Structure formats: C-alpha cells, structure tokens
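**Student:** Here it is, the structure in full.
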Amino acid sequence: MSKLFMFEKPQGMRDTLPELYQLKTQVKSAVAEEMRLWGYENVETPTVEFNETVGAASAILDQQLFKLLDQEGNTLVLRPDMTAPIARIAGSTLKNVKRPLRLTYDAPVFRAQQYEGGKPAEFEQVGVELIGDESSSADAEVISLMISSLQKAEVTSYQIAIGHVGFVNALLKEVLGNEERAQEFRRYLYEKNYVGFRKAVDELPLSSLDKRRLHELLRLKGGKDIVEKAEKLTESEAGKKALEQLQKLLHILEDYNMSDRVLIDLNLVMHMSYYTGTVFEAYSEGLGYPLGGGGRYDQLLAQFHHAEPATGFGLRVDRLTEALGKAKQKVKKDTCIIFSSERRKEAMDEAKKQRTEARSVVMQEITGIEDVDAYSKQFEDVIYYIGSNGNGGAGDEQ
Amino acid sequence: MSSELLTVAMPKGRIFEEAVELLREAGYDLPPEFDDSRKLIIEVPQSGMQFILAKPMDVPTYVEHGVADVGVAGKDVMIEEERDVYEVLDLKISSCYMAVAALPTYSPGRDVAPKVASKYPKLTSDYFREQGEQVEIIKLNGSIELAPIVGLADRIVDIVSTGQTLRENGLVEIETMMPITSRFIVNPVSYRTKAAQIDDMVDRLSVVVNKENA
C-alpha cells in the first residue's frame with residue numbers, strides 16, 4: 001500500500017459536517033421520539049462484542065465484519081447490527097423482566113466495505129425490538145411504528161413491502177420434498193436470481209402442476225389479492241398458517257390506517273435463515289436502496305439460551321437523511337453578536353437573554369474576523385456592540 | 001432517478017442493437033435516430049422512458065445504485081460484478097458462452113504456478129475453485145488471446161461466440177464453462193416503487209422472448 005495522505009480515512013468511513021449533522025439529528029430525534037411515544041425504552045450496548053457470540057448470531061455475513069483481537073486472543077467484532085446485542089441482553093441481564101419487552105436503540109453499526117464508494121462502512125441505525133410476543137398484533141405494531149416513524153421524519157414518498165418467509169419455506173418444502181432442495185431455491189430468491197430459479201425449476205423432475213406452482217411464486221407481488229392467489233398454491237399446514245398470519249396482519253394494518261402504501265411481496269427473502277415469519281422493507285422513491293427493514297426472528301434468542309419469539313426493525317439514518325436531503329433547504333444560523341472588547345459585557349447580557357429564548361447565539365469579537373460581511377452572511381440576525389457607547393443598553397445595528 | 005420516466009440502462013456495442021430490436025417488438029416506440037445516436041442519455045417520453053447508454057460492464061452498477069431502474073446486462077457481467085439487483089428475465093439475446101482456451105501445445109500440470117488471463121477475474125477464480133484447481137489470475141482489459149501467445153499466461157478465460165477470434169490466433173478451446181445470454185435486471189427499490197411500469201415491461205418482454213424461442 002502506498003503511503004497514506006494525512007486527509008485519508010479508511011474505506012467507507014464518513015465525516016458528518018455541521019449542516020448534515022443538523023439534518024441527521026432532526027431525523028433521528030423525530031424517529032426516536034415516535035418510538036418513545038409508543039412505549040419503547042432505550043438501551044445502549046458496547047460497540048465491541050465477541051465474534052463467537054454476537055458476531056456469529058448476527059444476520060450480517062462474516063466477510064462484512066470488522067474484526068480485532070483482544071489481549072487473550074479472542075476475536076472481537078465491531079457490532080454489525082443492534083438486534084444480536086439486544087438478543088444477548090434479553091437472554092441474560094433482562095432474562096427475568098416481564099414479557100413482552102419493548103426496546104429501542106439508536107447506534108452506529110459497522111459493516112466492512114470492500115469494493116467501492118457509495119456504501120458507508122459505519123452508519124447509524126434507529127430501531128426497535130419487540131421480544132416475547134408471537135402474535136400478528138406484534139408484527140403489525142412494529143410495521144405501523146416503522147411507517148409512523150417515516151411519517152414523523154417527513155419522508156413523504158415511502159413504500160412498504162411485506163412478505164412472509166414462513167410461506168416461502170412451506171411452499172418450497174411441500175413442492176420439492178426436502179429441505180436441501182428448498183434451500184437451493186431459497187438461495188435463488190435471496191440472490192434475486194429469478195432467471196436461475198426458473199431454469200432450475202424447469203430442470204427438475206416435477207409434475208407440470210408443481211412446476212407451475214413454483215413459477216407462480218415469482219409472481220406473488222402486488223395488492224391484497226396476492227394472499228388469495230397464494231392460498232391456491234399451498235396445501236401444507238405451515239403454508240396456510242403463514243398466510244393466515246399475513247391476512248390477519250393486513251387487517252390490523254388497516255385498523256391502524258397504515259395499509260395504503262403497503263405492497264405484498266411473497267418473494268422477499270432478505271436473509272438465508274435469520275428471519276422466520278413476516279419480513280418487511282421500507283423504500284423511498286428516488287433512493288436506490290431500502291431505508292430499512294425488519295421482521296420476525298423467532299430462532300435468534302435460542303442462540304442466547306433463552307428461546308422466545310421476537311420481531312423488530314431498523315431504519316438507516318444515513319439513508320433517511322439522504323432521502324430527505326434533496327428536499328430540505330439550507331437553514332441559516334440564528335444570531336451572531338459581533339463586539340469589541342470594551343463592550344463585551346453588553347454583548348454577554350444580550351447573548352444570555354437570547355439564549356434563554358432558545359435562540360443559538362454566536363459571540364464573536366470583531367478582531368477575530370477577517371471579512372465581516374462574508375462572515376455575518378451565515379446568520380439570520382447580526383447585532384453589533386462596537387466602539388465606545390456611553391449610553392450602554394441596546395446594540396446599534398448597522 | 002426521475003419519478004415519471006423509467007430509466008433504462010443499456011449496454012453500448014454488441015448487445016445494444018439486439019436489445020433495441022427486442023424493445024421495439026415488445027411495442028415500445030423508440031425513435032429511428034435511437035440507433036446511431038452518440039448521446040449518453042436519450043429521453044423517449046412517448047414510451048415513458050429514458051435511456052442511459054453505458055459500458056456493458058457498468059450496467060449493473062447503475063442499476064444497483066438506483067440511478068437506473070432497470071437495465072440489460074450479460075450474464076458474464078452479472079457473475080463478475082455480483083451486484084445486488086434482481087435478475088428477472090433471460091432475454092435470450094447475444095447468446096454466447098464462456099470458455100477456457102489455450103495454445104494447442106498446452107498440457108496441464110507442467111507449470112509450477114498455472115496462470116490464467118481474463119477480463120473476468122472473479123468469474124475465473126470462482127470457476128477454477130469449483131473445479132478444485134488453484135490458479136493465478138492475470139487481469140487484462142482486452143485482446144486476451146495475446147496472453148498465451150506471448151507467454152503471459154498458459155490459459156485464458158473469455159467469451160466465445162463463433163470461435164473465430166480463437167482460431168485466427170491459433171488457440172483452441174479446452175473447456176466450455178457456461179452459456180451466456182443477456183438478462184433484464186431491476187433495482188430492488190424500483191421493483192416495488194415502480195412496480196406497475198416494470199411488471200408491464202417484464203410481461204411484454206416475456207411474450208416476445210417466449211415467442212421467439214417457442
């Protein structure tokens with residue numbers, strides 16, 4: 001590697017400068033406030049965890065983990081998501097707290113980025129986990145909370161896709177007969193390779209009816225009628241149960257008044273094995289990547305020796321900010337008081353007064369500014385306390 | 001990504017004409033000057049589309065980042081680039097295959113470090129690993145046939161359509177790797193936010209593709 005320039009940062013690491021920071025904070029606090037209002041309690045977990053525990057249990061691929069060693073030689077990871085650390089807490093220190101647990105977080109997570117720009121290696125996630133409730137009410141609650149959070153963040157052109165991996169797994173298993181083959185076809189869906197999926201279906205020794213069922217699976221995307229279409233494809237207990245759950249979930253979303261921007265997509269397979277039931281993602285028009293997503297992960301807690309159902313979601317603050325960034329105007333800073341040393345006291349009193357009115361006030365001695373005009377342009381109000389003014393009191397605005 | 005027009009990333013060169021023809025057969029009204037334009041962005045408002053013309057290897061990149069909603073990309077590029085996009089339809093155009101080739105005098109196992117030259121380092125590496133052979137890969141950007149002739153590598157991995165280039169350079173195909181055709185690819189977000197437009201396009205293209213291969 002060539003010698004680094006002093007301005008360089010590791011691949012995928014970003015700075016947040018004041019203007020972006022302000023927008024990011026607005027977005028974050030709007031979302032976090034909504035989560036608090038729905039009764040979710042904040043937790044924080046360490047940035048560094050063991051690879052063997054949180055690293056292995058997380059939904060993020062091994063090659064995307066940042067790893068380091070501690071003094072005993074244990075492999076540590078920078079947390080790649082917040083769900084696994086929260087599962088660790090839920091299965092240990094919060095083990096005896098009454099269920100269901102409603103927890104929320106707002107924290108940076110880390111994912112190593114090997115190829116190119118456009119994908120940050122560190123970004124903030126705001127999200128919730130609802131632990132210990134397996135009902136469709138719980139699924140509907142987290143989806144509604146996600147939608148409501150997007151609304152509070154003022155993301156206007158959002159769209160939600162909801163799927164159910166329980167249905168996908170059941171259908172694949174009942175048509176293909178064994179888990180190994182189902183896994184192969186689930187991989188095609190996970191890799192978004194419909195061409196490969198169709199080709200593999202055509203090459204299987206299946207009845208034409210069964211082949212059609214698998215081909216039809218790829219078309220299960222659209223409005224509420226998709227659930228009925230899906231019902232015709234599955235005969236298994238598990239498949240029917242999954243669709244019942246989905247149907248129920250949609251009814252509850254209607255009651256929440258949150259169903260108008262929901263698209264059913266039964267091909268949504270966001271991970272090979274992590275999710276177990278309902279899955280969902282949020283998108284914004286004009287942004288090429290999902291804003292966030294989540295789903296039911298009933299197997300994860302068992303890895304922390306405390307098997308229980310759970311559901312949740314995470315929103316990416318960087319993408320929310322990006323989705324909004326194009327819409328928001330640059331805002332001017334509130335007030336600047338420019339003073340000369342002999343009138344410092346007056347300037348201080350004025351600053352104090354304005355700060356009590358919750359305006360941000362910059363106090364700047366005139367000798368520190370090179371170009372007063374250029375400097376003062378950044379502010380909405382500029383007040384001058386300059387020269388000797390025996391009368392005291394109000395500043396003379398120029 | 002304009003909210004009204006569907007942005008289509010098209011590969012310049014070999015695949016372009018076949019892809020345009022396919023779109024016309026699918027009922028998309030593309031103006032005649034489309035074929036010999038040197039512009040990089042062409043708007044076709046009457047079809048509700050906007051085309052961006054990119055290097056074939058870059059099409060999945062535009063689609064993954066969402067600056068194009070959909071695109072046409074060769075399977076070779078899809079394997080090499082591993083982009084997070086939906087591969088929705090096999091367009092069955094620009095049909096060819098990937099192959100390993102070498103000089104007729106090549107015999108395996110004689111070198112300390114077997115070297116393979118290719119424009120597709122990732123695809124080549126994956127293929128030989130699956131075959132249980134460790135090779136050293138030399139990445140080239142074109143005229144791959146040169147490598148065995150001048151002794152840069154023993155074997156090459158490249159796209160073959162008629163085999164003429166190989167023959168003219170005195171190389172022989174020693175292994176056929178996989179068939180390659182062009183694919184219709186879709187950005188995961190656009191696939192949901194512009195579902196109606198894209199589903200319609202997929203349906204219309206499917207009809208044409210299936211008719212031609214019936």
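Residues in the structure tokens are named by chain (A, B, ... in the order shown) and by number from 1 within that chain; ligands are numbered from 1 in the order shown.
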Residues of chain B were defined as contacting chain A if any atom lay at most 6 Å from it, counting only C-alpha atoms; please report them as a list in words.
**Tutor:** Met1, His65, Gly66, Tyr86, Glu87, Val88, Leu89, Asp90 and Val189 of chain B
**Student:** Can you spit out the residues from that selection as a compact mmCIF listing (two decimals), in the first residue's frame, using all heavy atoms?
**Tutor:**
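Full text of selection14.txt as output:
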```txt
# COMPACT_ATOMS: atom_id res chain seq x y z
N MET B 1 -32.79 9.37 -10.61
CA MET B 1 -33.97 8.55 -10.92
C MET B 1 -35.19 9.46 -11.00
O MET B 1 -35.70 9.92 -10.00
CB MET B 1 -34.13 7.49 -9.83
CG MET B 1 -34.99 6.34 -10.22
SD MET B 1 -34.58 4.85 -9.26
CE MET B 1 -35.01 5.35 -7.60
N HIS B 65 -27.14 1.04 -7.85
CA HIS B 65 -27.20 2.32 -7.12
C HIS B 65 -28.51 3.07 -7.36
O HIS B 65 -28.71 4.15 -6.80
CB HIS B 65 -26.01 3.19 -7.49
CG HIS B 65 -24.71 2.71 -6.89
ND1 HIS B 65 -24.32 3.02 -5.62
CD2 HIS B 65 -23.74 1.92 -7.39
CE1 HIS B 65 -23.16 2.45 -5.36
NE2 HIS B 65 -22.77 1.77 -6.42
N GLY B 66 -29.35 2.54 -8.23
CA GLY B 66 -30.68 3.13 -8.40
C GLY B 66 -30.73 4.34 -9.31
O GLY B 66 -31.77 4.98 -9.43
N TYR B 86 -32.17 -7.43 -9.07
CA TYR B 86 -33.00 -8.57 -9.48
C TYR B 86 -32.65 -8.95 -10.91
O TYR B 86 -32.59 -8.10 -11.80
CB TYR B 86 -34.48 -8.21 -9.41
CG TYR B 86 -35.05 -8.36 -8.03
CD1 TYR B 86 -35.13 -7.27 -7.18
CD2 TYR B 86 -35.50 -9.59 -7.58
CE1 TYR B 86 -35.63 -7.40 -5.90
CE2 TYR B 86 -36.02 -9.74 -6.30
CZ TYR B 86 -36.08 -8.64 -5.47
OH TYR B 86 -36.58 -8.78 -4.21
N GLU B 87 -32.43 -10.25 -11.12
CA GLU B 87 -32.22 -10.77 -12.46
C GLU B 87 -33.56 -11.40 -12.83
O GLU B 87 -33.86 -12.53 -12.47
CB GLU B 87 -31.10 -11.80 -12.44
CG GLU B 87 -30.65 -12.26 -13.79
CD GLU B 87 -29.53 -13.29 -13.66
OE1 GLU B 87 -28.66 -13.15 -12.77
OE2 GLU B 87 -29.55 -14.25 -14.44
N VAL B 88 -34.39 -10.63 -13.54
CA VAL B 88 -35.79 -11.01 -13.66
C VAL B 88 -36.07 -11.89 -14.86
O VAL B 88 -36.88 -12.81 -14.80
CB VAL B 88 -36.67 -9.73 -13.72
CG1 VAL B 88 -38.13 -10.10 -13.92
CG2 VAL B 88 -36.52 -8.94 -12.44
N LEU B 89 -35.39 -11.60 -15.98
CA LEU B 89 -35.77 -12.27 -17.22
C LEU B 89 -34.54 -12.57 -18.06
O LEU B 89 -33.64 -11.75 -18.18
CB LEU B 89 -36.71 -11.32 -17.98
CG LEU B 89 -37.49 -11.87 -19.16
CD1 LEU B 89 -38.48 -12.93 -18.69
CD2 LEU B 89 -38.23 -10.72 -19.85
N ASP B 90 -34.53 -13.77 -18.65
CA ASP B 90 -33.49 -14.12 -19.61
C ASP B 90 -33.98 -13.63 -20.98
O ASP B 90 -34.95 -14.14 -21.51
CB ASP B 90 -33.28 -15.64 -19.62
CG ASP B 90 -32.12 -16.04 -20.51
OD1 ASP B 90 -31.61 -15.19 -21.26
OD2 ASP B 90 -31.72 -17.22 -20.45
N VAL B 189 -35.37 -1.44 -5.20
CA VAL B 189 -36.34 -0.43 -4.76
C VAL B 189 -37.32 -0.11 -5.88
O VAL B 189 -38.54 -0.10 -5.68
CB VAL B 189 -35.63 0.85 -4.27
CG1 VAL B 189 -36.65 1.93 -3.95
CG2 VAL B 189 -34.78 0.55 -3.04
```
**Student:** When you look at A:Ala140 with a cut-off of 10 Å (counting only C-alpha atoms), what residues show up, excluding the ones that are within fewer than 3 positions of it in the same chain? I need them as a PyMOL selection string.
**Tutor:** chain A and resi 135-137+143-146+246+248-256+258+278+311
**Student:** Show me, as number ranges by chain, the residues that have an atom within 8 Å of B:Met177 when counting only C-alpha atoms, minus same-chain residues fewer than 3 positions from it.
**Tutor:** B: 97-100, 127
**Student:** How would the residues just chosen look if you wrote them out with N, CA, C and O atoms as a tab-separated table (two decimals), in the first residue's frame?
**Tutor:**
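Listed below is the output, selection31.tsv:
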```tsv
chain	number	residue	atom	x	y	z
B	97	TYR	N	-20.91	-18.11	-25.04
B	97	TYR	CA	-20.55	-18.88	-23.85
B	97	TYR	C	-19.16	-18.51	-23.35
B	97	TYR	O	-18.36	-17.93	-24.08
B	98	MET	N	-18.89	-18.84	-22.11
B	98	MET	CA	-17.56	-18.62	-21.55
B	98	MET	C	-16.77	-19.90	-21.76
B	98	MET	O	-17.31	-21.00	-21.62
B	99	ALA	N	-15.49	-19.75	-22.08
B	99	ALA	CA	-14.68	-20.93	-22.30
B	99	ALA	C	-13.25	-20.71	-21.84
B	99	ALA	O	-12.79	-19.57	-21.73
B	100	VAL	N	-12.58	-21.82	-21.56
B	100	VAL	CA	-11.15	-21.79	-21.28
B	100	VAL	C	-10.45	-22.15	-22.58
B	100	VAL	O	-10.84	-23.12	-23.24
B	127	TYR	N	-14.74	-20.20	-10.89
B	127	TYR	CA	-14.84	-21.40	-11.72
B	127	TYR	C	-13.73	-22.40	-11.36
B	127	TYR	O	-14.00	-23.57	-11.12
```
**Student:** For atom CA of A:Gly312 and atom CA of A:Leu150, quote the distance in Å rounded to one decimal.
**Tutor:**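 Distance between the two atoms: 15.1 Å.
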**Student:** So which one's closest to B:Ser47, B:Met201, B:Ala195, B:Val72, B:Val208? Using only C-alpha atoms, please.
**Tutor:**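 Closest to B:Ser47, using only C-alpha atoms: B:Met201.
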**Student:** Excluding B:Gln50 and its own-chain neighbours fewer than 5 positions away, which residues fall within 10 Å of it when counting only C-alpha atoms? Please give them as a PyMOL selection string.
**Tutor:** chain B and resi 1-2+4-9+41-45+68-69
**Student:** Using the chain letters and numbers from this document, which residues of chain B does DSSP assign to helix (DSSP H, G or I), as a VMD selection string?
**Tutor:** chain B and resid 14 to 25 32 to 36 45 to 47 56 to 64 75 to 81 121 to 130 146 to 150 164 to 168 190 to 193 195 to 212
**Student:** Residues near B:Asn169, anyone? I mean within 10 Å using only C-alpha atoms, not counting same-chain ones fewer than 2 positions away, as a list of chain:residue names.
**Tutor:**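 Returned residues: B:Leu103, B:Glu145, B:Leu146, B:Pro148, B:Ile149, B:Gln164, B:Thr165, B:Leu166, B:Arg167, B:Leu171, B:Val172.
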**Student:** For the residues selected in the previous step, produce a file with C-alpha atoms as an mmCIF file, in the first residue's frame.
**Tutor:**
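Just written: selection-v9.cif:
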```cif
data_model
loop_
_atom_site.group_PDB
_atom_site.id
_atom_site.type_symbol
_atom_site.label_atom_id
_atom_site.label_comp_id
_atom_site.auth_asym_id
_atom_site.auth_seq_id
_atom_site.Cartn_x
_atom_site.Cartn_y
_atom_site.Cartn_z
ATOM 1 C CA LEU B 103 -2.389 -22.993 -27.335
ATOM 2 C CA GLU B 145 -5.828 -14.061 -26.914
ATOM 3 C CA LEU B 146 -2.474 -12.363 -26.789
ATOM 4 C CA PRO B 148 -0.807 -17.384 -24.236
ATOM 5 C CA ILE B 149 0.920 -16.353 -27.468
ATOM 6 C CA GLN B 164 -13.296 -17.264 -34.949
ATOM 7 C CA THR B 165 -11.073 -14.994 -32.860
ATOM 8 C CA LEU B 166 -9.611 -18.009 -31.105
ATOM 9 C CA ARG B 167 -8.928 -19.817 -34.384
ATOM 10 C CA LEU B 171 -5.831 -21.017 -29.859
ATOM 11 C CA VAL B 172 -8.062 -23.962 -29.076
#
```
